[in-house]
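For reference, my_file_26.cif (mmCIF, C-alpha atoms):
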data_model
loop_
_atom_site.label_atom_id
_atom_site.label_comp_id
_atom_site.auth_asym_id
_atom_site.auth_seq_id
_atom_site.Cartn_x
_atom_site.Cartn_y
_atom_site.Cartn_z
CA MET A 17 13.44 0.14 12.10
CA GLY A 18 12.94 -0.89 8.52
CA TYR A 19 13.98 0.68 5.26
CA ILE A 20 12.40 2.89 2.63
CA ALA A 21 13.35 2.01 -0.94
CA LYS A 22 11.96 5.14 -2.60
CA ILE A 23 9.61 8.07 -2.14
CA GLU A 24 7.72 9.56 -5.08
CA TYR A 25 6.39 12.91 -4.00
CA HIS A 26 3.96 13.39 -6.91
CA SER A 27 2.66 10.08 -8.24
CA PHE A 28 -0.15 9.99 -10.76
CA VAL A 29 -0.42 6.18 -11.03
CA ASP A 30 -0.43 4.82 -7.46
CA GLY A 31 -4.09 5.44 -6.66
CA GLU A 32 -6.61 8.14 -7.44
CA GLY A 33 -5.45 11.73 -7.68
CA VAL A 34 -1.96 13.03 -7.06
CA ARG A 35 -0.35 11.03 -4.28
CA CYS A 36 2.82 10.67 -2.25
CA SER A 37 4.04 7.10 -2.80
CA VAL A 38 6.33 5.35 -0.35
CA TYR A 39 8.01 2.12 -1.39
CA VAL A 40 9.11 -0.02 1.55
CA SER A 41 12.07 -2.38 1.32
CA GLY A 42 11.73 -6.11 1.73
CA CYS A 43 9.44 -8.69 0.18
CA PRO A 44 9.38 -12.47 0.67
CA PHE A 45 7.26 -13.22 -2.43
CA LYS A 46 9.84 -12.55 -5.16
CA CYS A 47 7.19 -12.64 -7.89
CA GLU A 48 8.46 -13.53 -11.35
CA GLY A 49 8.43 -10.34 -13.41
CA CYS A 50 8.42 -8.05 -10.37
CA TYR A 51 8.84 -4.43 -11.49
CA ASN A 52 10.67 -3.50 -8.28
CA VAL A 53 13.28 -6.25 -7.75
CA ALA A 54 15.67 -3.97 -5.84
CA ALA A 55 13.00 -3.39 -3.18
CA GLN A 56 12.77 -7.12 -2.45
CA HIS A 57 15.85 -6.78 -0.22
CA PHE A 58 14.95 -5.79 3.35
CA ARG A 59 17.97 -3.47 3.76
CA TYR A 60 17.70 -1.67 0.42
CA GLY A 61 17.41 2.12 0.51
CA GLU A 62 17.56 4.18 3.67
CA PRO A 63 16.38 3.50 7.22
CA LEU A 64 13.09 5.07 8.23
CA THR A 65 13.59 7.93 10.69
CA ASP A 66 11.34 10.49 12.34
CA ASP A 67 12.76 13.07 9.92
CA ILE A 68 11.71 10.95 6.92
CA ILE A 69 8.23 10.49 8.38
CA GLU A 70 7.97 14.28 8.75
CA GLU A 71 9.25 14.74 5.18
CA ILE A 72 6.53 12.38 3.90
CA LEU A 73 3.84 14.15 5.91
CA GLU A 74 4.96 17.52 4.55
CA ALA A 75 4.81 16.08 1.01
CA CYS A 76 1.21 14.99 1.71
CA ALA A 77 0.15 18.36 3.12
CA PRO A 78 -0.71 20.35 -0.05
CA SER A 79 -4.40 20.36 -0.87
CA TYR A 80 -3.75 18.85 -4.32
CA ILE A 81 -2.26 15.69 -2.74
CA SER A 82 -5.07 13.12 -2.35
CA GLY A 83 -3.20 10.89 0.05
CA LEU A 84 -0.50 8.36 0.77
CA SER A 85 0.22 5.21 -1.23
CA LEU A 86 2.26 2.38 0.31
CA LEU A 87 3.94 -0.12 -1.98
CA GLY A 88 6.94 -2.35 -1.89
CA GLY A 89 8.55 -4.50 -1.27
CA GLU A 90 5.74 -5.86 0.88
CA PRO A 91 4.15 -3.39 3.32
CA PHE A 92 2.62 -6.09 5.55
CA CYS A 93 6.08 -7.58 6.11
CA ASN A 94 7.33 -4.15 7.13
CA LEU A 95 5.04 -3.22 9.99
CA ASN A 96 7.93 -1.42 11.71
CA VAL A 97 7.89 1.03 8.77
CA ILE A 98 4.23 1.35 7.89
CA THR A 99 2.78 1.43 11.42
CA PRO A 100 4.45 4.65 12.59
CA LEU A 101 3.96 6.21 9.17
CA ILE A 102 0.23 5.41 9.02
CA HIS A 103 -0.30 6.54 12.62
CA ALA A 104 1.47 9.85 11.95
CA PHE A 105 -0.49 10.30 8.70
CA ARG A 106 -3.87 9.69 10.38
CA GLU A 107 -2.91 11.93 13.32
CA ARG A 108 -2.06 14.77 10.94
CA PHE A 109 -4.78 14.32 8.29
CA GLY A 110 -7.49 12.19 9.90
CA GLN A 111 -9.83 10.94 7.18
CA THR A 112 -9.37 13.99 4.93
CA LYS A 113 -6.83 12.12 2.78
CA THR A 114 -6.76 8.47 1.78
CA ILE A 115 -4.31 5.62 2.20
CA TRP A 116 -3.88 3.12 -0.63
CA MET A 117 -1.72 0.02 -0.17
CA TRP A 118 -0.46 -2.76 -2.43
CA THR A 119 0.20 -6.23 -1.01
CA GLY A 120 0.89 -9.76 -2.19
CA PHE A 121 -1.37 -11.08 0.56
CA GLN A 122 -5.10 -11.45 0.06
CA ILE A 123 -7.44 -9.44 2.23
CA GLU A 124 -9.16 -12.58 3.55
CA TYR A 125 -5.83 -13.69 5.04
CA LEU A 126 -4.94 -10.25 6.39
CA SER A 127 -8.31 -9.79 8.08
CA ARG A 128 -7.67 -12.99 10.06
CA SER A 129 -3.92 -12.50 10.55
CA THR A 130 -2.08 -10.96 13.50
CA ARG A 131 -3.64 -8.16 15.49
CA ALA A 132 -0.95 -5.80 14.21
CA ARG A 133 -1.85 -6.56 10.59
CA GLN A 134 -5.57 -6.27 11.35
CA ALA A 135 -4.98 -2.89 12.99
CA ILE A 136 -3.13 -1.61 9.93
CA LEU A 137 -5.79 -2.98 7.61
CA SER A 138 -8.43 -1.00 9.51
CA GLU A 139 -6.55 2.24 8.72
CA ILE A 140 -6.39 1.67 4.94
CA ASP A 141 -8.97 3.02 2.50
CA VAL A 142 -8.09 0.98 -0.59
CA LEU A 143 -6.09 -2.25 -0.82
CA VAL A 144 -4.76 -3.77 -4.01
CA ASP A 145 -4.26 -7.40 -3.01
CA GLY A 146 -2.70 -10.49 -4.51
CA MET A 147 0.74 -11.33 -5.82
CA PHE A 148 1.75 -10.22 -9.29
CA ILE A 149 1.46 -13.23 -11.60
CA ALA A 150 3.38 -12.71 -14.83
CA HIS A 151 1.20 -14.90 -17.05
CA LEU A 152 -1.88 -12.96 -15.86
CA TYR A 153 -0.28 -9.62 -16.72
CA GLN A 154 -2.45 -7.33 -18.77
CA PRO A 155 -1.43 -3.78 -19.68
CA ASN A 156 -3.59 -0.85 -18.63
CA LEU A 157 -5.39 -2.53 -15.74
CA PRO A 158 -6.40 0.22 -13.32
CA TYR A 159 -3.98 0.26 -10.36
CA LYS A 160 -2.82 -3.34 -10.72
CA GLY A 161 -0.54 -5.46 -12.88
CA SER A 162 -2.20 -8.85 -13.20
CA LEU A 163 -5.76 -10.07 -13.54
CA ASN A 164 -5.76 -11.92 -10.20
CA GLN A 165 -5.22 -8.73 -8.23
CA ARG A 166 -8.20 -6.90 -6.76
CA VAL A 167 -8.78 -3.24 -5.90
CA ILE A 168 -10.78 -3.32 -2.66
CA ASP A 169 -12.64 -0.71 -0.63
CA VAL A 170 -11.32 -1.85 2.76
CA PRO A 171 -13.94 -0.24 5.05
CA THR A 172 -16.71 -1.87 3.01
CA TYR A 173 -14.98 -5.25 3.15
CA LEU A 174 -14.40 -5.05 6.90
CA LYS A 175 -18.04 -4.10 7.45
CA THR A 176 -19.61 -6.70 5.12
CA GLN A 177 -16.90 -9.40 4.83
CA SER A 178 -17.95 -9.52 1.16
CA ILE A 179 -15.45 -9.10 -1.66
CA ALA A 180 -18.33 -8.72 -4.13
CA GLN A 181 -19.59 -5.66 -2.26
CA ALA A 182 -16.10 -4.25 -1.65
CA ILE A 183 -14.57 -4.33 -5.14
CA TYR A 184 -13.52 -0.74 -5.71
CA ILE A 185 -12.79 -0.87 -9.44
CA GLN A 186 -14.05 -3.45 -11.89
CA ASP A 187 -11.88 -4.43 -14.86
#

Represent the supplied structure as structure tokens.
Amino acid sequence: MGYIAKIEYHSFVDGEGVRCSVYVSGCPFKCEGCYNVAAQHFRYGEPLTDDIIEEILEACAPSYISGLSLLGGEPFCNLNVITPLIHAFRERFGQTKTIWMWTGFQIEYLSRSTRARQAILSEIDVLVDGMFIAHLYQPNLPYKGSLNQRVIDVPTYLKTQSIAQAIYIQD
């Protein structure tokens, strides 16, 4: 199994509403100016266990928690962490709570990538895609760090294959 770098049980910045944010360990991109350098290492933090999955699900259970946010590291390079977590989350909460995910990959690549990545993509509600690019940094962008990143309504994108129709939040 993979590693979890950090869990924030009450995040107000990683998506809409109050969320439980899980930071996975391991990222191949190593973006200049990354705010989470420690999580670039694939063995940073603690190994994911069934007990940790249950702890995360319990943290998501209160009615004031809007959902689960998955960040990194790079979630799509940690399918052994995010797959069981997303499956357990959907089994427990169905579509009553949302899943937001941040990735350095672009959705066009992910939607044509491996079946495992496509399956995960189909479970996500909102994807913030694109690598952080330091010279495109702009403070106070909603849910992203640099101007190249996009906040995407994943179900709309998968249905229409149109980024223009699927942009969740305009700058």

At a cut-off of 9 Å, using only C-alpha atoms, what residues contact stretch 72-89 of chain A? Leave out same-chain residues fewer than 5 positions from it and give the result as JSON, numbers by chain. {"A": [20, 21, 23, 25, 26, 27, 30, 31, 32, 33, 34, 35, 36, 37, 38, 39, 40, 41, 42, 43, 44, 45, 52, 53, 54, 55, 56, 57, 58, 67, 94, 98, 101, 102, 104, 105, 108, 109, 112, 113, 114, 115, 116, 117, 118, 119]}

Sort by chain and increasing residue number a table of all residues of stretch 49-162 of chain A within 10 Å of stretch 172-185 of chain A, each with its closest pair of atoms and their distance in Å to one decimal, counting all atoms listed in the file, and write it as CSV.
residue,atom,partner,partner_atom,distance
A:Ile123,CA,A:Tyr173,CA,8.7
A:Glu124,CA,A:Gln177,CA,8.5
A:Ser127,CA,A:Leu174,CA,7.8
A:Gln134,CA,A:Leu174,CA,10.0
A:Leu137,CA,A:Leu174,CA,8.9
A:Ser138,CA,A:Leu174,CA,7.7
A:Asp141,CA,A:Thr172,CA,9.2
A:Val142,CA,A:Tyr184,CA,7.7
A:Leu143,CA,A:Tyr184,CA,9.0
A:Val144,CA,A:Tyr184,CA,9.4
A:Leu157,CA,A:Ile185,CA,9.9
A:Pro158,CA,A:Ile185,CA,7.6
A:Tyr159,CA,A:Ile185,CA,8.9

Take the PyMOL selection byres ((chain A and resi 146) around 9), apply it to the structure above, and return the hits as a ChimeraX atom specification. /A:118-123,144-145,147-149,162,164-166

Next, dump the selected residues to file, keeping only C-alpha atoms, as a compact mmCIF listing (two decimals), in the coordinates of the input.
# COMPACT_ATOMS: atom_id res chain seq x y z
CA TRP A 118 -0.46 -2.76 -2.43
CA THR A 119 0.20 -6.23 -1.01
CA GLY A 120 0.89 -9.76 -2.19
CA PHE A 121 -1.37 -11.08 0.56
CA GLN A 122 -5.10 -11.45 0.06
CA ILE A 123 -7.44 -9.44 2.23
CA VAL A 144 -4.76 -3.77 -4.01
CA ASP A 145 -4.26 -7.40 -3.01
CA MET A 147 0.74 -11.33 -5.82
CA PHE A 148 1.75 -10.22 -9.29
CA ILE A 149 1.46 -13.23 -11.60
CA SER A 162 -2.20 -8.85 -13.20
CA ASN A 164 -5.76 -11.92 -10.20
CA GLN A 165 -5.22 -8.73 -8.23
CA ARG A 166 -8.20 -6.90 -6.76

Find the distance between atom CA of A:Pro155 and atom CA of A:Lys46 and write it in Å to one decimal.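 Straight-line distance from atom CA of A:Pro155 to atom CA of A:Lys46 works out to 20.4 Å.
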
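When only C-alpha atoms are used to compute distances to A:Thr130, the closest of the residues A:Leu95, A:Glu90, A:Tyr19, A:Glu70 turns out to be A:Leu95.
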
Between atom CA of A:Asn96 and atom CA of A:Gly18, what is the spacing in Å? 6.0 Å

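In terms of minimum interatomic distance to A:Cys47, A:His151 ranks closest within A:Arg106, A:Arg131, A:His151, A:Arg59, counting all atoms listed in the file.
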
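One finds atom CA of A:Gly49 at 24.2 Å from atom CA of A:Glu62.
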
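Distances here use all atoms listed in the file; by that measure, the residue among A:Ala150, A:Val97, A:Glu107, A:Phe92 closest to A:Ala132 is A:Phe92.
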
Provide stretch 88-119 of chain A rebuilt to N, CA and C atoms, formatted as a PDB file, keeping the file's coordinate frame.
ATOM      1  N   GLY A  88       5.724  -1.688  -2.318  1.00  0.00           N
ATOM      2  CA  GLY A  88       6.940  -2.350  -1.890  1.00  0.00           C
ATOM      3  C   GLY A  88       7.854  -2.735  -3.013  1.00  0.00           C
ATOM      4  N   GLY A  89       8.580  -3.648  -2.438  1.00  0.00           N
ATOM      5  CA  GLY A  89       8.550  -4.500  -1.270  1.00  0.00           C
ATOM      6  C   GLY A  89       7.128  -4.924  -0.883  1.00  0.00           C
ATOM      7  N   GLU A  90       7.018  -5.382   0.338  1.00  0.00           N
ATOM      8  CA  GLU A  90       5.740  -5.860   0.880  1.00  0.00           C
ATOM      9  C   GLU A  90       5.429  -5.106   2.171  1.00  0.00           C
ATOM     10  N   PRO A  91       4.463  -4.177   2.127  1.00  0.00           N
ATOM     11  CA  PRO A  91       4.150  -3.390   3.320  1.00  0.00           C
ATOM     12  C   PRO A  91       3.789  -4.228   4.550  1.00  0.00           C
ATOM     13  N   PHE A  92       3.043  -5.309   4.381  1.00  0.00           N
ATOM     14  CA  PHE A  92       2.620  -6.090   5.550  1.00  0.00           C
ATOM     15  C   PHE A  92       3.734  -6.944   6.146  1.00  0.00           C
ATOM     16  N   CYS A  93       4.890  -6.962   5.510  1.00  0.00           N
ATOM     17  CA  CYS A  93       6.080  -7.580   6.110  1.00  0.00           C
ATOM     18  C   CYS A  93       7.025  -6.508   6.630  1.00  0.00           C
ATOM     19  N   ASN A  94       6.554  -5.289   6.664  1.00  0.00           N
ATOM     20  CA  ASN A  94       7.330  -4.150   7.130  1.00  0.00           C
ATOM     21  C   ASN A  94       6.506  -3.302   8.086  1.00  0.00           C
ATOM     22  N   LEU A  95       5.898  -3.941   9.054  1.00  0.00           N
ATOM     23  CA  LEU A  95       5.040  -3.220   9.990  1.00  0.00           C
ATOM     24  C   LEU A  95       5.817  -2.176  10.781  1.00  0.00           C
ATOM     25  N   ASN A  96       7.118  -2.400  10.987  1.00  0.00           N
ATOM     26  CA  ASN A  96       7.930  -1.420  11.710  1.00  0.00           C
ATOM     27  C   ASN A  96       8.130  -0.143  10.906  1.00  0.00           C
ATOM     28  N   VAL A  97       7.837  -0.167   9.612  1.00  0.00           N
ATOM     29  CA  VAL A  97       7.890   1.030   8.770  1.00  0.00           C
ATOM     30  C   VAL A  97       6.492   1.621   8.625  1.00  0.00           C
ATOM     31  N   ILE A  98       5.543   0.795   8.226  1.00  0.00           N
ATOM     32  CA  ILE A  98       4.230   1.350   7.890  1.00  0.00           C
ATOM     33  C   ILE A  98       3.402   1.748   9.103  1.00  0.00           C
ATOM     34  N   THR A  99       3.577   1.090  10.238  1.00  0.00           N
ATOM     35  CA  THR A  99       2.780   1.430  11.420  1.00  0.00           C
ATOM     36  C   THR A  99       3.023   2.856  11.895  1.00  0.00           C
ATOM     37  N   PRO A 100       4.274   3.257  12.149  1.00  0.00           N
ATOM     38  CA  PRO A 100       4.450   4.650  12.590  1.00  0.00           C
ATOM     39  C   PRO A 100       4.089   5.664  11.514  1.00  0.00           C
ATOM     40  N   LEU A 101       4.291   5.305  10.265  1.00  0.00           N
ATOM     41  CA  LEU A 101       3.960   6.210   9.170  1.00  0.00           C
ATOM     42  C   LEU A 101       2.447   6.407   9.057  1.00  0.00           C
ATOM     43  N   ILE A 102       1.694   5.314   9.104  1.00  0.00           N
ATOM     44  CA  ILE A 102       0.230   5.410   9.020  1.00  0.00           C
ATOM     45  C   ILE A 102      -0.330   6.146  10.234  1.00  0.00           C
ATOM     46  N   HIS A 103       0.191   5.856  11.416  1.00  0.00           N
ATOM     47  CA  HIS A 103      -0.300   6.540  12.620  1.00  0.00           C
ATOM     48  C   HIS A 103      -0.049   8.046  12.529  1.00  0.00           C
ATOM     49  N   ALA A 104       1.148   8.428  12.083  1.00  0.00           N
ATOM     50  CA  ALA A 104       1.470   9.850  11.950  1.00  0.00           C
ATOM     51  C   ALA A 104       0.593  10.501  10.881  1.00  0.00           C
ATOM     52  N   PHE A 105       0.354   9.790   9.783  1.00  0.00           N
ATOM     53  CA  PHE A 105      -0.490  10.300   8.700  1.00  0.00           C
ATOM     54  C   PHE A 105      -1.915  10.537   9.204  1.00  0.00           C
ATOM     55  N   ARG A 106      -2.487   9.550   9.880  1.00  0.00           N
ATOM     56  CA  ARG A 106      -3.870   9.690  10.380  1.00  0.00           C
ATOM     57  C   ARG A 106      -3.948  10.779  11.461  1.00  0.00           C
ATOM     58  N   GLU A 107      -2.908  10.892  12.293  1.00  0.00           N
ATOM     59  CA  GLU A 107      -2.910  11.930  13.320  1.00  0.00           C
ATOM     60  C   GLU A 107      -2.923  13.315  12.669  1.00  0.00           C
ATOM     61  N   ARG A 108      -2.160  13.459  11.605  1.00  0.00           N
ATOM     62  CA  ARG A 108      -2.060  14.770  10.940  1.00  0.00           C
ATOM     63  C   ARG A 108      -3.277  15.068  10.062  1.00  0.00           C
ATOM     64  N   PHE A 109      -3.761  14.060   9.302  1.00  0.00           N
ATOM     65  CA  PHE A 109      -4.780  14.320   8.290  1.00  0.00           C
ATOM     66  C   PHE A 109      -6.138  13.686   8.578  1.00  0.00           C
ATOM     67  N   GLY A 110      -6.224  12.852   9.598  1.00  0.00           N
ATOM     68  CA  GLY A 110      -7.490  12.190   9.900  1.00  0.00           C
ATOM     69  C   GLY A 110      -7.983  11.410   8.697  1.00  0.00           C
ATOM     70  N   GLN A 111      -9.242  11.607   8.348  1.00  0.00           N
ATOM     71  CA  GLN A 111      -9.830  10.940   7.180  1.00  0.00           C
ATOM     72  C   GLN A 111      -9.952  11.888   5.983  1.00  0.00           C
ATOM     73  N   THR A 112      -9.272  13.031   6.026  1.00  0.00           N
ATOM     74  CA  THR A 112      -9.370  13.990   4.930  1.00  0.00           C
ATOM     75  C   THR A 112      -8.564  13.571   3.704  1.00  0.00           C
ATOM     76  N   LYS A 113      -7.633  12.654   3.877  1.00  0.00           N
ATOM     77  CA  LYS A 113      -6.830  12.120   2.780  1.00  0.00           C
ATOM     78  C   LYS A 113      -6.843  10.599   2.903  1.00  0.00           C
ATOM     79  N   THR A 114      -6.629   9.932   1.784  1.00  0.00           N
ATOM     80  CA  THR A 114      -6.760   8.470   1.780  1.00  0.00           C
ATOM     81  C   THR A 114      -5.404   7.770   1.798  1.00  0.00           C
ATOM     82  N   ILE A 115      -5.471   6.515   2.241  1.00  0.00           N
ATOM     83  CA  ILE A 115      -4.310   5.620   2.200  1.00  0.00           C
ATOM     84  C   ILE A 115      -4.646   4.462   1.276  1.00  0.00           C
ATOM     85  N   TRP A 116      -3.811   4.269   0.262  1.00  0.00           N
ATOM     86  CA  TRP A 116      -3.880   3.120  -0.630  1.00  0.00           C
ATOM     87  C   TRP A 116      -2.661   2.250  -0.334  1.00  0.00           C
ATOM     88  N   MET A 117      -2.843   0.929  -0.409  1.00  0.00           N
ATOM     89  CA  MET A 117      -1.720   0.020  -0.170  1.00  0.00           C
ATOM     90  C   MET A 117      -1.787  -1.149  -1.145  1.00  0.00           C
ATOM     91  N   TRP A 118      -0.603  -1.585  -1.575  1.00  0.00           N
ATOM     92  CA  TRP A 118      -0.460  -2.760  -2.430  1.00  0.00           C
ATOM     93  C   TRP A 118       0.197  -3.867  -1.624  1.00  0.00           C
ATOM     94  N   THR A 119      -0.324  -5.097  -1.763  1.00  0.00           N
ATOM     95  CA  THR A 119       0.200  -6.230  -1.010  1.00  0.00           C
ATOM     96  C   THR A 119       0.077  -7.513  -1.822  1.00  0.00           C
TER      97      THR A 119
END
